[in-house]
Amino acid sequence: MADEDRAQALIARMLRRKFYAVFWNAPDPARMAPHLAAHLDYTIGLEKQGLLFASGPFVGEGAPPGGGMTILRAENLAAARRLAEADPFVLAGVRGFEIREWVLNEGSVGLTFHFSDQSTSFT
């Protein structure tokens, strides 16, 4: 089998599940502190509803101040945008965002672990 055909055969078996990656930015991260609890309540709520796949801040050298990423499960880009726009940081005008459609092809999971309260469930 030619390499191109083999690549297409491998791709055909992949998950190809669409998600929405939200890249957060904050021009003045110091302004975020008063809204942190509300933001966390909001993201934990999305997690519990099954709408949030993963979320967290960027860290380390070169990480943008106040920057982070959230990966959402949503019906479409418009629905993902509505979820991002409802974040308390955004509502308070202290954080902006950019959304990109993202397709999950490779990886593995067998256990759901909710990071916010350390609960688990088998799926």
# chains A, B, ... in the order shown; residues from 1 in each chain; ligands from 1
>>> select_by_dssp(residues="chain A", states="alpha helix (DSSP H)", output="PDB file with N, CA and C atoms, in the first residue's frame")
ATOM      1  N   ASP A   3       2.186   5.044   0.621  1.00  0.00           N
ATOM      2  CA  ASP A   3       2.122   5.854   1.847  1.00  0.00           C
ATOM      3  C   ASP A   3       0.868   6.717   1.907  1.00  0.00           C
ATOM      4  N   GLU A   4       0.473   7.303   0.785  1.00  0.00           N
ATOM      5  CA  GLU A   4      -0.720   8.156   0.782  1.00  0.00           C
ATOM      6  C   GLU A   4      -1.977   7.342   1.103  1.00  0.00           C
ATOM      7  N   ASP A   5      -2.078   6.155   0.518  1.00  0.00           N
ATOM      8  CA  ASP A   5      -3.229   5.294   0.795  1.00  0.00           C
ATOM      9  C   ASP A   5      -3.221   4.831   2.251  1.00  0.00           C
ATOM     10  N   ARG A   6      -2.051   4.500   2.765  1.00  0.00           N
ATOM     11  CA  ARG A   6      -1.930   4.060   4.155  1.00  0.00           C
ATOM     12  C   ARG A   6      -2.329   5.194   5.103  1.00  0.00           C
ATOM     13  N   ALA A   7      -1.891   6.424   4.795  1.00  0.00           N
ATOM     14  CA  ALA A   7      -2.256   7.575   5.621  1.00  0.00           C
ATOM     15  C   ALA A   7      -3.768   7.766   5.619  1.00  0.00           C
ATOM     16  N   GLN A   8      -4.403   7.676   4.477  1.00  0.00           N
ATOM     17  CA  GLN A   8      -5.856   7.839   4.384  1.00  0.00           C
ATOM     18  C   GLN A   8      -6.584   6.743   5.162  1.00  0.00           C
ATOM     19  N   ALA A   9      -6.059   5.518   5.113  1.00  0.00           N
ATOM     20  CA  ALA A   9      -6.670   4.414   5.860  1.00  0.00           C
ATOM     21  C   ALA A   9      -6.552   4.657   7.362  1.00  0.00           C
ATOM     22  N   LEU A  10      -5.433   5.173   7.819  1.00  0.00           N
ATOM     23  CA  LEU A  10      -5.257   5.483   9.243  1.00  0.00           C
ATOM     24  C   LEU A  10      -6.176   6.616   9.675  1.00  0.00           C
ATOM     25  N   ILE A  11      -6.269   7.643   8.861  1.00  0.00           N
ATOM     26  CA  ILE A  11      -7.138   8.781   9.180  1.00  0.00           C
ATOM     27  C   ILE A  11      -8.595   8.342   9.260  1.00  0.00           C
ATOM     28  N   ALA A  12      -9.011   7.458   8.382  1.00  0.00           N
ATOM     29  CA  ALA A  12     -10.399   7.004   8.342  1.00  0.00           C
ATOM     30  C   ALA A  12     -10.811   6.328   9.652  1.00  0.00           C
ATOM     31  N   ARG A  13      -9.869   5.752  10.376  1.00  0.00           N
ATOM     32  CA  ARG A  13     -10.167   5.058  11.628  1.00  0.00           C
ATOM     33  C   ARG A  13     -10.131   5.983  12.844  1.00  0.00           C
ATOM     34  N   LEU A  36     -12.372  35.989  39.829  1.00  0.00           N
ATOM     35  CA  LEU A  36     -11.873  34.611  39.746  1.00  0.00           C
ATOM     36  C   LEU A  36     -12.883  33.603  40.278  1.00  0.00           C
ATOM     37  N   ALA A  37     -13.488  33.842  41.424  1.00  0.00           N
ATOM     38  CA  ALA A  37     -14.447  32.879  41.981  1.00  0.00           C
ATOM     39  C   ALA A  37     -15.618  32.671  41.027  1.00  0.00           C
ATOM     40  N   ALA A  38     -16.150  33.758  40.472  1.00  0.00           N
ATOM     41  CA  ALA A  38     -17.267  33.641  39.526  1.00  0.00           C
ATOM     42  C   ALA A  38     -16.842  32.867  38.275  1.00  0.00           C
ATOM     43  N   HIS A  39     -15.630  33.136  37.791  1.00  0.00           N
ATOM     44  CA  HIS A  39     -15.103  32.408  36.626  1.00  0.00           C
ATOM     45  C   HIS A  39     -15.003  30.913  36.933  1.00  0.00           C
ATOM     46  N   LEU A  40     -14.468  30.589  38.096  1.00  0.00           N
ATOM     47  CA  LEU A  40     -14.325  29.175  38.468  1.00  0.00           C
ATOM     48  C   LEU A  40     -15.690  28.507  38.633  1.00  0.00           C
ATOM     49  N   ASP A  41     -16.638  29.192  39.257  1.00  0.00           N
ATOM     50  CA  ASP A  41     -17.995  28.648  39.352  1.00  0.00           C
ATOM     51  C   ASP A  41     -18.557  28.364  37.963  1.00  0.00           C
ATOM     52  N   TYR A  42     -18.323  29.277  37.044  1.00  0.00           N
ATOM     53  CA  TYR A  42     -18.837  29.128  35.682  1.00  0.00           C
ATOM     54  C   TYR A  42     -18.201  27.930  34.986  1.00  0.00           C
ATOM     55  N   THR A  43     -16.870  27.833  35.032  1.00  0.00           N
ATOM     56  CA  THR A  43     -16.203  26.731  34.330  1.00  0.00           C
ATOM     57  C   THR A  43     -16.518  25.380  34.971  1.00  0.00           C
ATOM     58  N   ILE A  44     -16.631  25.350  36.299  1.00  0.00           N
ATOM     59  CA  ILE A  44     -17.016  24.097  36.958  1.00  0.00           C
ATOM     60  C   ILE A  44     -18.438  23.714  36.552  1.00  0.00           C
ATOM     61  N   GLY A  45     -19.310  24.690  36.410  1.00  0.00           N
ATOM     62  CA  GLY A  45     -20.666  24.417  35.930  1.00  0.00           C
ATOM     63  C   GLY A  45     -20.671  23.837  34.527  1.00  0.00           C
ATOM     64  N   LEU A  46     -19.838  24.399  33.650  1.00  0.00           N
ATOM     65  CA  LEU A  46     -19.719  23.840  32.290  1.00  0.00           C
ATOM     66  C   LEU A  46     -19.196  22.414  32.342  1.00  0.00           C
ATOM     67  N   GLU A  47     -18.226  22.182  33.208  1.00  0.00           N
ATOM     68  CA  GLU A  47     -17.665  20.837  33.374  1.00  0.00           C
ATOM     69  C   GLU A  47     -18.760  19.855  33.784  1.00  0.00           C
ATOM     70  N   LYS A  48     -19.551  20.228  34.765  1.00  0.00           N
ATOM     71  CA  LYS A  48     -20.603  19.347  35.283  1.00  0.00           C
ATOM     72  C   LYS A  48     -21.701  19.096  34.246  1.00  0.00           C
ATOM     73  N   GLN A  49     -21.911  20.050  33.339  1.00  0.00           N
ATOM     74  CA  GLN A  49     -22.909  19.887  32.274  1.00  0.00           C
ATOM     75  C   GLN A  49     -22.364  19.066  31.100  1.00  0.00           C
ATOM     76  N   LEU A  77     -19.812  26.412  16.198  1.00  0.00           N
ATOM     77  CA  LEU A  77     -18.967  27.536  16.576  1.00  0.00           C
ATOM     78  C   LEU A  77     -19.764  28.630  17.285  1.00  0.00           C
ATOM     79  N   ALA A  78     -20.968  28.902  16.823  1.00  0.00           N
ATOM     80  CA  ALA A  78     -21.793  29.943  17.450  1.00  0.00           C
ATOM     81  C   ALA A  78     -22.118  29.586  18.897  1.00  0.00           C
ATOM     82  N   ALA A  79     -22.438  28.332  19.154  1.00  0.00           N
ATOM     83  CA  ALA A  79     -22.737  27.893  20.522  1.00  0.00           C
ATOM     84  C   ALA A  79     -21.490  27.996  21.404  1.00  0.00           C
ATOM     85  N   ALA A  80     -20.340  27.633  20.857  1.00  0.00           N
ATOM     86  CA  ALA A  80     -19.087  27.754  21.617  1.00  0.00           C
ATOM     87  C   ALA A  80     -18.799  29.221  21.931  1.00  0.00           C
ATOM     88  N   ARG A  81     -19.042  30.089  20.978  1.00  0.00           N
ATOM     89  CA  ARG A  81     -18.823  31.525  21.192  1.00  0.00           C
ATOM     90  C   ARG A  81     -19.739  32.049  22.306  1.00  0.00           C
ATOM     91  N   ARG A  82     -20.982  31.597  22.321  1.00  0.00           N
ATOM     92  CA  ARG A  82     -21.905  32.035  23.373  1.00  0.00           C
ATOM     93  C   ARG A  82     -21.408  31.590  24.754  1.00  0.00           C
ATOM     94  N   LEU A  83     -20.885  30.381  24.836  1.00  0.00           N
ATOM     95  CA  LEU A  83     -20.338  29.903  26.116  1.00  0.00           C
ATOM     96  C   LEU A  83     -19.147  30.749  26.547  1.00  0.00           C
ATOM     97  N   ALA A  84     -18.259  31.061  25.615  1.00  0.00           N
ATOM     98  CA  ALA A  84     -17.082  31.879  25.943  1.00  0.00           C
ATOM     99  C   ALA A  84     -17.504  33.290  26.343  1.00  0.00           C
ATOM    100  N   GLU A  85     -18.460  33.851  25.645  1.00  0.00           N
ATOM    101  CA  GLU A  85     -18.912  35.217  25.937  1.00  0.00           C
ATOM    102  C   GLU A  85     -19.595  35.319  27.298  1.00  0.00           C
ATOM    103  N   PRO A  88     -17.532  34.966  33.200  1.00  0.00           N
ATOM    104  CA  PRO A  88     -17.492  36.193  34.003  1.00  0.00           C
ATOM    105  C   PRO A  88     -16.310  37.113  33.708  1.00  0.00           C
ATOM    106  N   PHE A  89     -15.159  36.576  33.350  1.00  0.00           N
ATOM    107  CA  PHE A  89     -14.031  37.427  32.972  1.00  0.00           C
ATOM    108  C   PHE A  89     -14.378  38.256  31.742  1.00  0.00           C
ATOM    109  N   VAL A  90     -15.047  37.632  30.776  1.00  0.00           N
ATOM    110  CA  VAL A  90     -15.428  38.330  29.546  1.00  0.00           C
ATOM    111  C   VAL A  90     -16.523  39.348  29.847  1.00  0.00           C
ATOM    112  N   LEU A  91     -17.515  38.937  30.620  1.00  0.00           N
ATOM    113  CA  LEU A  91     -18.610  39.854  30.974  1.00  0.00           C
ATOM    114  C   LEU A  91     -18.097  41.086  31.708  1.00  0.00           C
TER     115      LEU A  91
END
>>> residues_around(residues="segment 64-66 of chain A", least_positions_apart="4", cutoff="9 Å", atoms="only C-alpha atoms", output="number ranges by chain")
A: 24-30, 32, 57-59, 95
>>> closest_residue(among="A:Gly68, A:Met14, A:Gly56, A:Ala21", to="Gly107 of chain A", atoms="only C-alpha atoms")
A:Met14
